[in-house]
>>> print(open('input.cif').read())   # mmCIF, C-alpha atoms
data_model
loop_
_atom_site.group_PDB
_atom_site.id
_atom_site.type_symbol
_atom_site.label_atom_id
_atom_site.label_comp_id
_atom_site.auth_asym_id
_atom_site.auth_seq_id
_atom_site.Cartn_x
_atom_site.Cartn_y
_atom_site.Cartn_z
ATOM 1 C CA MET O 1 108.864 116.223 36.170
ATOM 2 C CA PRO O 2 109.471 119.549 37.929
ATOM 3 C CA ILE O 3 112.810 121.152 37.187
ATOM 4 C CA LYS O 4 114.668 121.983 40.328
ATOM 5 C CA CYS O 5 116.197 125.387 40.808
ATOM 6 C CA TYR O 6 117.986 126.477 43.953
ATOM 7 C CA ARG O 7 115.505 125.338 46.531
ATOM 8 C CA ARG O 8 115.094 122.347 48.763
ATOM 9 C CA TYR O 9 112.215 120.253 49.956
ATOM 10 C CA PRO O 10 109.047 122.037 48.986
ATOM 11 C CA ASP O 11 106.339 121.862 51.566
ATOM 12 C CA GLY O 12 103.752 119.225 50.820
ATOM 13 C CA MET O 13 100.895 117.347 52.298
ATOM 14 C CA THR O 14 101.607 115.097 55.230
ATOM 15 C CA ARG O 15 100.152 111.695 55.936
ATOM 16 C CA LYS O 16 99.981 109.825 59.205
ATOM 17 C CA ILE O 17 101.392 106.314 58.988
ATOM 18 C CA SER O 18 102.199 103.588 61.472
ATOM 19 C CA ILE O 19 105.589 101.905 61.214
ATOM 20 C CA SER O 20 107.628 99.420 63.232
ATOM 21 C CA VAL O 21 111.273 100.135 63.976
ATOM 22 C CA PRO O 22 114.003 98.280 65.903
ATOM 23 C CA ASP O 23 114.480 99.147 69.563
ATOM 24 C CA ASP O 24 117.662 101.139 68.975
ATOM 25 C CA VAL O 25 115.912 103.301 66.383
ATOM 26 C CA ALA O 26 112.929 103.746 68.693
ATOM 27 C CA ASP O 27 115.305 104.826 71.464
ATOM 28 C CA THR O 28 116.776 107.444 69.171
ATOM 29 C CA LEU O 29 113.356 108.725 68.149
ATOM 30 C CA ASP O 30 112.343 108.905 71.802
ATOM 31 C CA GLY O 31 115.191 111.362 72.329
ATOM 32 C CA VAL O 32 114.435 113.830 69.538
ATOM 33 C CA PRO O 33 111.876 116.635 69.797
ATOM 34 C CA ASN O 34 110.196 115.881 66.462
ATOM 35 C CA ALA O 35 110.426 112.234 65.434
ATOM 36 C CA SER O 36 108.406 112.776 62.257
ATOM 37 C CA ALA O 37 110.777 115.477 61.019
ATOM 38 C CA TYR O 38 113.758 113.337 61.980
ATOM 39 C CA ILE O 39 112.488 110.379 59.991
ATOM 40 C CA ALA O 40 111.484 112.548 57.037
ATOM 41 C CA GLU O 41 114.976 114.030 56.866
ATOM 42 C CA ALA O 42 116.598 110.606 57.062
ATOM 43 C CA VAL O 43 114.385 109.291 54.274
ATOM 44 C CA ARG O 44 115.116 112.298 52.082
ATOM 45 C CA LEU O 45 118.855 111.910 52.564
ATOM 46 C CA ARG O 46 118.648 108.235 51.672
ATOM 47 C CA ARG O 47 116.471 108.991 48.655
ATOM 48 C CA ARG O 48 118.899 111.666 47.492
ATOM 49 C CA ARG O 49 121.801 109.273 47.870
ATOM 50 C CA ASP O 50 120.068 106.528 45.896
ATOM 51 C CA THR O 51 118.913 108.954 43.214
ATOM 52 C CA THR O 52 122.328 110.562 42.806
ATOM 53 C CA ARG O 53 124.122 107.246 42.569
ATOM 54 C CA GLY O 54 121.483 105.944 40.182
ATOM 55 C CA ILE O 55 121.905 108.914 37.877
ATOM 56 C CA LEU O 56 125.660 108.370 37.670
ATOM 57 C CA LYS O 57 125.292 104.636 37.158
ATOM 58 C CA ASN O 58 122.683 105.067 34.438
ATOM 59 C CA ALA O 59 124.898 107.634 32.734
ATOM 60 C CA GLY O 60 127.702 105.085 32.572
ATOM 61 C CA TYR O 61 129.988 106.315 35.328
ATOM 62 C CA ASP O 62 131.471 103.870 37.816
ATOM 63 C CA ILE O 63 133.438 105.880 40.347
ATOM 64 C CA ALA O 64 135.611 104.383 43.045
ATOM 65 C CA PRO O 65 135.332 105.787 46.578
ATOM 66 C CA GLU O 66 139.078 106.510 46.557
ATOM 67 C CA ARG O 67 138.588 108.886 43.629
ATOM 68 C CA VAL O 68 135.881 110.728 45.545
ATOM 69 C CA ALA O 69 138.161 111.015 48.571
ATOM 70 C CA ALA O 70 140.965 112.374 46.403
ATOM 71 C CA MET O 71 138.619 114.922 44.852
ATOM 72 C CA ARG O 72 137.404 115.956 48.302
ATOM 73 C CA ALA O 73 141.025 116.581 49.351
ATOM 74 C CA ARG O 74 141.593 118.797 46.307
ATOM 75 C CA VAL O 75 138.434 120.809 46.952
ATOM 76 C CA GLU O 76 139.156 121.184 50.671
ATOM 77 C CA HIS O 77 142.668 122.408 49.866
ATOM 78 C CA LEU O 78 141.229 125.126 47.613
ATOM 79 C CA GLU O 79 138.599 126.034 50.220
ATOM 80 C CA ALA O 80 141.277 126.383 52.898
ATOM 81 C CA ARG O 81 143.372 128.644 50.657
ATOM 82 C CA ARG O 82 140.301 130.734 49.850
ATOM 83 C CA ALA O 83 139.341 131.062 53.497
ATOM 84 C CA ALA O 84 142.878 132.143 54.361
ATOM 85 C CA ARG O 85 142.874 134.715 51.571
ATOM 86 C CA LYS O 86 139.564 136.146 52.676
ATOM 87 C CA ALA O 87 140.759 136.251 56.270
ATOM 88 C CA GLY O 88 143.835 138.116 55.090
ATOM 89 C CA THR O 89 146.284 135.459 56.138
ATOM 90 C CA ALA O 90 148.776 133.450 54.125
ATOM 91 C CA ALA O 91 147.590 130.048 52.991
ATOM 92 C CA MET X 1 118.543 121.331 59.049
ATOM 93 C CA THR X 2 120.589 124.270 57.795
ATOM 94 C CA THR X 3 120.115 125.635 54.303
ATOM 95 C CA PRO X 4 122.418 123.782 51.922
ATOM 96 C CA GLN X 5 125.136 125.877 50.328
ATOM 97 C CA ILE X 6 126.322 125.817 46.742
ATOM 98 C CA ARG X 7 129.774 124.297 47.124
ATOM 99 C CA ILE X 8 130.648 123.569 43.486
ATOM 100 C CA VAL X 9 129.675 125.385 40.300
ATOM 101 C CA LEU X 10 129.968 123.651 36.933
ATOM 102 C CA ASP X 11 130.498 125.517 33.681
ATOM 103 C CA THR X 12 129.530 124.633 30.124
ATOM 104 C CA ALA X 13 132.666 122.643 29.389
ATOM 105 C CA ALA X 14 132.249 120.556 32.536
ATOM 106 C CA LEU X 15 128.644 119.771 31.627
ATOM 107 C CA VAL X 16 129.541 118.837 28.064
ATOM 108 C CA ALA X 17 132.397 116.619 29.185
ATOM 109 C CA TYR X 18 130.116 114.869 31.666
ATOM 110 C CA ALA X 19 127.496 114.265 28.984
ATOM 111 C CA HIS X 20 130.192 112.956 26.626
ATOM 112 C CA LEU X 21 131.183 110.441 29.316
ATOM 113 C CA GLU X 22 134.608 112.086 29.389
ATOM 114 C CA SER X 23 134.540 113.480 32.904
ATOM 115 C CA PRO X 24 134.696 111.104 35.835
ATOM 116 C CA ALA X 25 135.849 114.198 37.752
ATOM 117 C CA VAL X 26 132.362 115.711 37.559
ATOM 118 C CA GLY X 27 130.940 112.436 38.850
ATOM 119 C CA GLU X 28 133.451 112.494 41.693
ATOM 120 C CA LEU X 29 132.311 116.003 42.611
ATOM 121 C CA ILE X 30 128.677 114.935 42.561
ATOM 122 C CA LEU X 31 129.395 112.020 44.901
ATOM 123 C CA MET X 32 131.526 114.223 47.132
ATOM 124 C CA VAL X 33 128.653 116.647 47.591
ATOM 125 C CA GLU X 34 126.199 113.812 48.109
ATOM 126 C CA GLU X 35 128.380 112.644 50.982
ATOM 127 C CA ASP X 36 127.932 116.058 52.597
ATOM 128 C CA GLN X 37 124.564 114.765 53.821
ATOM 129 C CA GLY X 38 122.447 117.665 52.704
ATOM 130 C CA ALA X 39 124.863 120.425 53.693
ATOM 131 C CA SER X 40 125.859 121.368 50.167
ATOM 132 C CA LEU X 41 124.811 121.312 46.531
ATOM 133 C CA ILE X 42 126.282 121.525 43.049
ATOM 134 C CA GLY X 43 125.117 124.517 41.023
ATOM 135 C CA VAL X 44 124.568 124.496 37.279
ATOM 136 C CA PRO X 45 124.253 128.039 35.928
ATOM 137 C CA ALA X 46 121.270 128.317 33.595
ATOM 138 C CA LEU X 47 123.355 129.739 30.759
ATOM 139 C CA ALA X 48 125.864 126.909 31.045
ATOM 140 C CA TYR X 49 123.038 124.397 30.941
ATOM 141 C CA LEU X 50 121.532 126.115 27.914
ATOM 142 C CA HIS X 51 124.762 126.155 25.939
ATOM 143 C CA ALA X 52 125.707 122.609 26.868
ATOM 144 C CA HIS X 53 122.247 121.338 25.991
ATOM 145 C CA ARG X 54 122.379 122.969 22.580
ATOM 146 C CA SER X 55 125.731 121.413 21.734
ATOM 147 C CA LEU X 56 124.865 117.817 22.616
ATOM 148 C CA ALA X 57 123.451 114.902 20.663
ATOM 149 C CA ALA X 58 120.165 113.389 21.874
ATOM 150 C CA ASP X 59 121.660 110.622 24.021
ATOM 151 C CA GLU X 60 124.159 113.024 25.558
ATOM 152 C CA ARG X 61 121.396 115.512 26.215
ATOM 153 C CA ALA X 62 119.459 112.877 28.127
ATOM 154 C CA ARG X 63 122.507 112.394 30.351
ATOM 155 C CA LEU X 64 122.731 116.118 31.040
ATOM 156 C CA VAL X 65 119.017 116.462 31.732
ATOM 157 C CA ALA X 66 119.056 113.521 34.144
ATOM 158 C CA MET X 67 122.029 114.946 36.003
ATOM 159 C CA ALA X 68 120.874 118.560 36.282
ATOM 160 C CA THR X 69 117.109 118.420 36.656
ATOM 161 C CA ASN X 70 116.214 115.594 39.015
ATOM 162 C CA PRO X 71 114.605 117.195 42.089
ATOM 163 C CA ASP X 72 115.948 114.441 44.331
ATOM 164 C CA SER X 73 119.620 114.804 43.388
ATOM 165 C CA VAL X 74 122.316 117.151 44.706
ATOM 166 C CA VAL X 75 122.452 119.229 41.528
ATOM 167 C CA VAL X 76 120.420 122.418 41.132
ATOM 168 C CA ILE X 77 120.032 124.848 38.271
ATOM 169 C CA LEU X 78 120.978 128.412 39.181
ATOM 170 C CA PRO X 79 118.780 130.974 37.423
ATOM 171 C CA LEU X 80 120.223 134.057 35.760
ATOM 172 C CA LEU X 81 118.922 136.923 37.875
ATOM 173 C CA GLY X 82 118.037 140.255 36.362
ATOM 174 C CA ASP X 83 120.493 142.158 38.537
ATOM 175 C CA ASP X 84 123.311 139.875 37.435
ATOM 176 C CA THR X 85 122.585 140.087 33.729
ATOM 177 C CA PRO X 86 124.727 143.175 32.987
ATOM 178 C CA THR X 87 127.678 141.679 34.882
ATOM 179 C CA VAL X 88 127.336 138.346 33.096
ATOM 180 C CA ALA X 89 127.084 140.167 29.769
ATOM 181 C CA GLY X 90 130.245 142.109 30.544
ATOM 182 C CA ILE X 91 132.188 138.954 31.355
ATOM 183 C CA ALA X 92 130.657 137.209 28.340
ATOM 184 C CA ALA X 93 132.297 139.804 26.136
ATOM 185 C CA GLU X 94 135.540 137.979 26.946
ATOM 186 C CA VAL X 95 134.568 134.371 27.667
ATOM 187 C CA GLU X 96 131.898 131.857 26.715
ATOM 188 C CA ASP X 97 128.403 132.738 28.034
ATOM 189 C CA GLY X 98 128.027 129.721 30.308
ATOM 190 C CA LEU X 99 131.412 130.336 31.856
ATOM 191 C CA ALA X 100 130.481 133.990 32.379
ATOM 192 C CA HIS X 101 127.372 132.996 34.313
ATOM 193 C CA ALA X 102 129.400 130.397 36.218
ATOM 194 C CA VAL X 103 131.902 133.083 37.250
ATOM 195 C CA VAL X 104 129.129 135.239 38.698
ATOM 196 C CA GLU X 105 127.545 132.317 40.552
ATOM 197 C CA THR X 106 130.932 131.224 41.898
ATOM 198 C CA ARG X 107 131.451 134.687 43.349
ATOM 199 C CA ARG X 108 127.912 134.896 44.731
ATOM 200 C CA HIS X 109 128.084 131.605 46.605
ATOM 201 C CA GLY X 110 131.757 131.690 47.559
ATOM 202 C CA ALA X 111 131.967 128.350 45.779
ATOM 203 C CA THR X 112 134.571 126.486 43.767
ATOM 204 C CA LEU X 113 134.289 126.620 39.981
ATOM 205 C CA ALA X 114 134.987 123.243 38.391
ATOM 206 C CA THR X 115 136.093 123.860 34.834
ATOM 207 C CA TYR X 116 138.103 122.746 31.843
ATOM 208 C CA MET X 117 138.560 126.415 30.912
ATOM 209 C CA GLY X 118 140.776 127.441 33.790
ATOM 210 C CA ALA X 119 142.832 129.948 31.824
ATOM 211 C CA ALA X 120 139.737 131.904 30.802
ATOM 212 C CA ALA X 121 138.221 131.630 34.276
ATOM 213 C CA ARG X 122 141.377 133.018 35.879
ATOM 214 C CA ARG X 123 140.773 136.300 34.110
ATOM 215 C CA HIS X 124 137.769 136.807 36.376
ATOM 216 C CA LEU X 125 138.308 134.663 39.482
ATOM 217 C CA GLU X 126 141.081 134.093 41.989
ATOM 218 C CA GLU X 127 143.353 131.084 41.641
ATOM 219 C CA ASP X 128 141.840 129.402 44.691
ATOM 220 C CA ASP X 129 138.313 129.760 43.298
ATOM 221 C CA ILE X 130 139.097 127.382 40.448
ATOM 222 C CA LEU X 131 139.321 123.613 40.314
ATOM 223 C CA ASP X 132 140.926 122.523 37.067
ATOM 224 C CA LEU X 133 139.280 119.355 35.839
ATOM 225 C CA GLU X 134 141.461 116.735 34.185
#
>>> encode(input="input.cif", output="structure tokens")
Amino acid sequence: MPIKCYRRYPDGMTRKISISVPDDVADTLDGVPNASAYIAEAVRLRRRRDTTRGILKNAGYDIAPERVAAMRARVEHLEARRAARKAGTAA
Amino acid sequence: MTTPQIRIVLDTAALVAYAHLESPAVGELILMVEEDQGASLIGVPALAYLHAHRSLAADERARLVAMATNPDSVVVILPLLGDDTPTVAGIAAEVEDGLAHAVVETRRHGATLATYMGAAARRHLEEDDILDLE
């Protein structure tokens, strides 16, 4: 398995496939300039979500969404203080 | 899609605690970043990974490897760059090596350092750069 350093989505081969999607999804794809790229990005995000959650579950962690929200609030508070400091204003 | 930014940096102690199953907080950070929908990542400094890996038992090591090296997750390993090595070495004269590398990566990315070694980290980072894990 390749070890990932700080990089995202290496270029790879592409393959043409035919898929069926619901009308609302087709409408969305009709409105974007590159439907293939749009779908690829959506699939990668979903794959990353499933992989990340699978890693935590397999490790033995069961984390409630409320805990994630609380952690996000803590991090955003720090980020706001840091931004204020760097802008030279009081936090 | 914009290039994802390193939002959180983990140090050795955070990695070890995660692998020991003693840190739901690290898991919360991982899920938080995952919810950023590709905009951000969690960085694991190479030296922190190295030191954590060395200190762990086999089953704990497997947990660390799975968390830090899966190319489809939100966690990436941050290499120690040649230009940074003297700075990391200087900081490592005072603190643990993995924390020293984490300090440098935190500064580089303008990220938040998540650590159980807040007192040591505060010797080299600002208060608002540090998230004390509990």
>>> resolve_selection(input="input.cif", expression="the PyMOL selection byres ((chain O) within 10 of (chain X))", output="short mmCIF file (atom, residue, chain, number, x, y, z; two decimals) with C-alpha atoms, in the coordinates of the input")
data_model
loop_
_atom_site.label_atom_id
_atom_site.label_comp_id
_atom_site.auth_asym_id
_atom_site.auth_seq_id
_atom_site.Cartn_x
_atom_site.Cartn_y
_atom_site.Cartn_z
CA MET O 1 108.86 116.22 36.17
CA PRO O 2 109.47 119.55 37.93
CA ILE O 3 112.81 121.15 37.19
CA LYS O 4 114.67 121.98 40.33
CA CYS O 5 116.20 125.39 40.81
CA TYR O 6 117.99 126.48 43.95
CA ARG O 7 115.50 125.34 46.53
CA ARG O 8 115.09 122.35 48.76
CA TYR O 9 112.22 120.25 49.96
CA ALA O 37 110.78 115.48 61.02
CA TYR O 38 113.76 113.34 61.98
CA GLU O 41 114.98 114.03 56.87
CA ALA O 42 116.60 110.61 57.06
CA ARG O 44 115.12 112.30 52.08
CA LEU O 45 118.86 111.91 52.56
CA ARG O 46 118.65 108.24 51.67
CA ARG O 47 116.47 108.99 48.66
CA ARG O 48 118.90 111.67 47.49
CA ARG O 49 121.80 109.27 47.87
CA ASP O 50 120.07 106.53 45.90
CA THR O 51 118.91 108.95 43.21
CA THR O 52 122.33 110.56 42.81
CA ARG O 53 124.12 107.25 42.57
CA GLY O 54 121.48 105.94 40.18
CA ILE O 55 121.90 108.91 37.88
CA LEU O 56 125.66 108.37 37.67
CA LYS O 57 125.29 104.64 37.16
CA ASN O 58 122.68 105.07 34.44
CA ALA O 59 124.90 107.63 32.73
CA GLY O 60 127.70 105.08 32.57
CA TYR O 61 129.99 106.32 35.33
CA ASP O 62 131.47 103.87 37.82
CA ILE O 63 133.44 105.88 40.35
CA ALA O 64 135.61 104.38 43.04
CA PRO O 65 135.33 105.79 46.58
CA GLU O 66 139.08 106.51 46.56
CA ARG O 67 138.59 108.89 43.63
CA VAL O 68 135.88 110.73 45.54
CA ALA O 69 138.16 111.02 48.57
CA ALA O 70 140.96 112.37 46.40
CA MET O 71 138.62 114.92 44.85
CA ARG O 72 137.40 115.96 48.30
CA ARG O 74 141.59 118.80 46.31
CA VAL O 75 138.43 120.81 46.95
CA GLU O 76 139.16 121.18 50.67
CA HIS O 77 142.67 122.41 49.87
CA LEU O 78 141.23 125.13 47.61
CA GLU O 79 138.60 126.03 50.22
CA ALA O 80 141.28 126.38 52.90
CA ARG O 81 143.37 128.64 50.66
CA ARG O 82 140.30 130.73 49.85
CA ALA O 83 139.34 131.06 53.50
CA ARG O 85 142.87 134.72 51.57
#
>>> atom_distance(input="input.cif", atom1="CA of Ala14 (chain X)", atom2="CA of Ile91 (chain X)")
18.4 Å
>>> atom_distance(input="input.cif", atom1="CA of Arg15 (chain O)", atom2="CA of Ala35 (chain O)")
14.0 Å
>>> atom_distance(input="input.cif", atom1="CA of Gly12 (chain O)", atom2="CA of Leu80 (chain X)")
26.8 Å
>>> closest_residue(input="input.cif", among="X:Gly98, X:Asp11, X:Val104, X:Arg61", to="Asp84 (chain X)", atoms="only C-alpha atoms")
X:Val104
>>> decode(input="input.cif", residues="region 36-58 of chain O", atoms="N, CA and C atoms", output="PDB file, in the first residue's frame")
ATOM      1  N   SER O  36     -17.710  14.636 -15.468  1.00  0.00           N
ATOM      2  CA  SER O  36     -16.822  13.548 -15.037  1.00  0.00           C
ATOM      3  C   SER O  36     -16.023  13.959 -13.804  1.00  0.00           C
ATOM      4  N   ALA O  37     -15.468  15.160 -13.831  1.00  0.00           N
ATOM      5  CA  ALA O  37     -14.691  15.647 -12.692  1.00  0.00           C
ATOM      6  C   ALA O  37     -15.580  15.814 -11.462  1.00  0.00           C
ATOM      7  N   TYR O  38     -16.790  16.259 -11.691  1.00  0.00           N
ATOM      8  CA  TYR O  38     -17.750  16.463 -10.601  1.00  0.00           C
ATOM      9  C   TYR O  38     -18.060  15.134  -9.916  1.00  0.00           C
ATOM     10  N   ILE O  39     -18.320  14.133 -10.724  1.00  0.00           N
ATOM     11  CA  ILE O  39     -18.635  12.810 -10.168  1.00  0.00           C
ATOM     12  C   ILE O  39     -17.404  12.210  -9.477  1.00  0.00           C
ATOM     13  N   ALA O  40     -16.251  12.365 -10.109  1.00  0.00           N
ATOM     14  CA  ALA O  40     -15.028  11.812  -9.511  1.00  0.00           C
ATOM     15  C   ALA O  40     -14.786  12.421  -8.135  1.00  0.00           C
ATOM     16  N   GLU O  41     -14.975  13.734  -8.023  1.00  0.00           N
ATOM     17  CA  GLU O  41     -14.759  14.396  -6.741  1.00  0.00           C
ATOM     18  C   GLU O  41     -15.756  13.905  -5.699  1.00  0.00           C
ATOM     19  N   ALA O  42     -17.000  13.753  -6.111  1.00  0.00           N
ATOM     20  CA  ALA O  42     -18.026  13.272  -5.175  1.00  0.00           C
ATOM     21  C   ALA O  42     -17.706  11.861  -4.684  1.00  0.00           C
ATOM     22  N   VAL O  43     -17.246  11.026  -5.599  1.00  0.00           N
ATOM     23  CA  VAL O  43     -16.912   9.645  -5.220  1.00  0.00           C
ATOM     24  C   VAL O  43     -15.716   9.627  -4.273  1.00  0.00           C
ATOM     25  N   ARG O  44     -14.728  10.471  -4.563  1.00  0.00           N
ATOM     26  CA  ARG O  44     -13.554  10.508  -3.686  1.00  0.00           C
ATOM     27  C   ARG O  44     -13.910  10.989  -2.285  1.00  0.00           C
ATOM     28  N   LEU O  45     -14.770  11.988  -2.211  1.00  0.00           N
ATOM     29  CA  LEU O  45     -15.185  12.482  -0.893  1.00  0.00           C
ATOM     30  C   LEU O  45     -15.925  11.397  -0.123  1.00  0.00           C
ATOM     31  N   ARG O  46     -16.795  10.680  -0.820  1.00  0.00           N
ATOM     32  CA  ARG O  46     -17.536   9.607  -0.154  1.00  0.00           C
ATOM     33  C   ARG O  46     -16.593   8.487   0.272  1.00  0.00           C
ATOM     34  N   ARG O  47     -15.633   8.165  -0.593  1.00  0.00           N
ATOM     35  CA  ARG O  47     -14.676   7.114  -0.259  1.00  0.00           C
ATOM     36  C   ARG O  47     -13.833   7.526   0.944  1.00  0.00           C
ATOM     37  N   ARG O  48     -13.423   8.788   0.966  1.00  0.00           N
ATOM     38  CA  ARG O  48     -12.622   9.272   2.092  1.00  0.00           C
ATOM     39  C   ARG O  48     -13.430   9.219   3.389  1.00  0.00           C
ATOM     40  N   ARG O  49     -14.686   9.583   3.296  1.00  0.00           N
ATOM     41  CA  ARG O  49     -15.539   9.540   4.482  1.00  0.00           C
ATOM     42  C   ARG O  49     -15.663   8.106   5.004  1.00  0.00           C
ATOM     43  N   ASP O  50     -15.965   7.185   4.096  1.00  0.00           N
ATOM     44  CA  ASP O  50     -16.134   5.787   4.508  1.00  0.00           C
ATOM     45  C   ASP O  50     -14.834   5.219   5.063  1.00  0.00           C
ATOM     46  N   THR O  51     -13.725   5.546   4.402  1.00  0.00           N
ATOM     47  CA  THR O  51     -12.429   5.033   4.859  1.00  0.00           C
ATOM     48  C   THR O  51     -12.091   5.576   6.238  1.00  0.00           C
ATOM     49  N   THR O  52     -12.260   6.880   6.415  1.00  0.00           N
ATOM     50  CA  THR O  52     -11.910   7.510   7.689  1.00  0.00           C
ATOM     51  C   THR O  52     -12.750   6.941   8.823  1.00  0.00           C
ATOM     52  N   ARG O  53     -14.030   6.821   8.590  1.00  0.00           N
ATOM     53  CA  ARG O  53     -14.904   6.276   9.634  1.00  0.00           C
ATOM     54  C   ARG O  53     -14.603   4.800   9.892  1.00  0.00           C
ATOM     55  N   GLY O  54     -14.242   4.088   8.841  1.00  0.00           N
ATOM     56  CA  GLY O  54     -13.879   2.683   9.010  1.00  0.00           C
ATOM     57  C   GLY O  54     -12.616   2.506   9.822  1.00  0.00           C
ATOM     58  N   ILE O  55     -11.651   3.375   9.595  1.00  0.00           N
ATOM     59  CA  ILE O  55     -10.399   3.297  10.363  1.00  0.00           C
ATOM     60  C   ILE O  55     -10.674   3.501  11.850  1.00  0.00           C
ATOM     61  N   LEU O  56     -11.480   4.493  12.166  1.00  0.00           N
ATOM     62  CA  LEU O  56     -11.782   4.765  13.583  1.00  0.00           C
ATOM     63  C   LEU O  56     -12.573   3.615  14.197  1.00  0.00           C
ATOM     64  N   LYS O  57     -13.524   3.107  13.460  1.00  0.00           N
ATOM     65  CA  LYS O  57     -14.342   2.004  13.978  1.00  0.00           C
ATOM     66  C   LYS O  57     -13.486   0.757  14.210  1.00  0.00           C
ATOM     67  N   ASN O  58     -12.638   0.444  13.245  1.00  0.00           N
ATOM     68  CA  ASN O  58     -11.777  -0.729  13.387  1.00  0.00           C
ATOM     69  C   ASN O  58     -10.781  -0.567  14.530  1.00  0.00           C
TER      70      ASN O  58
END
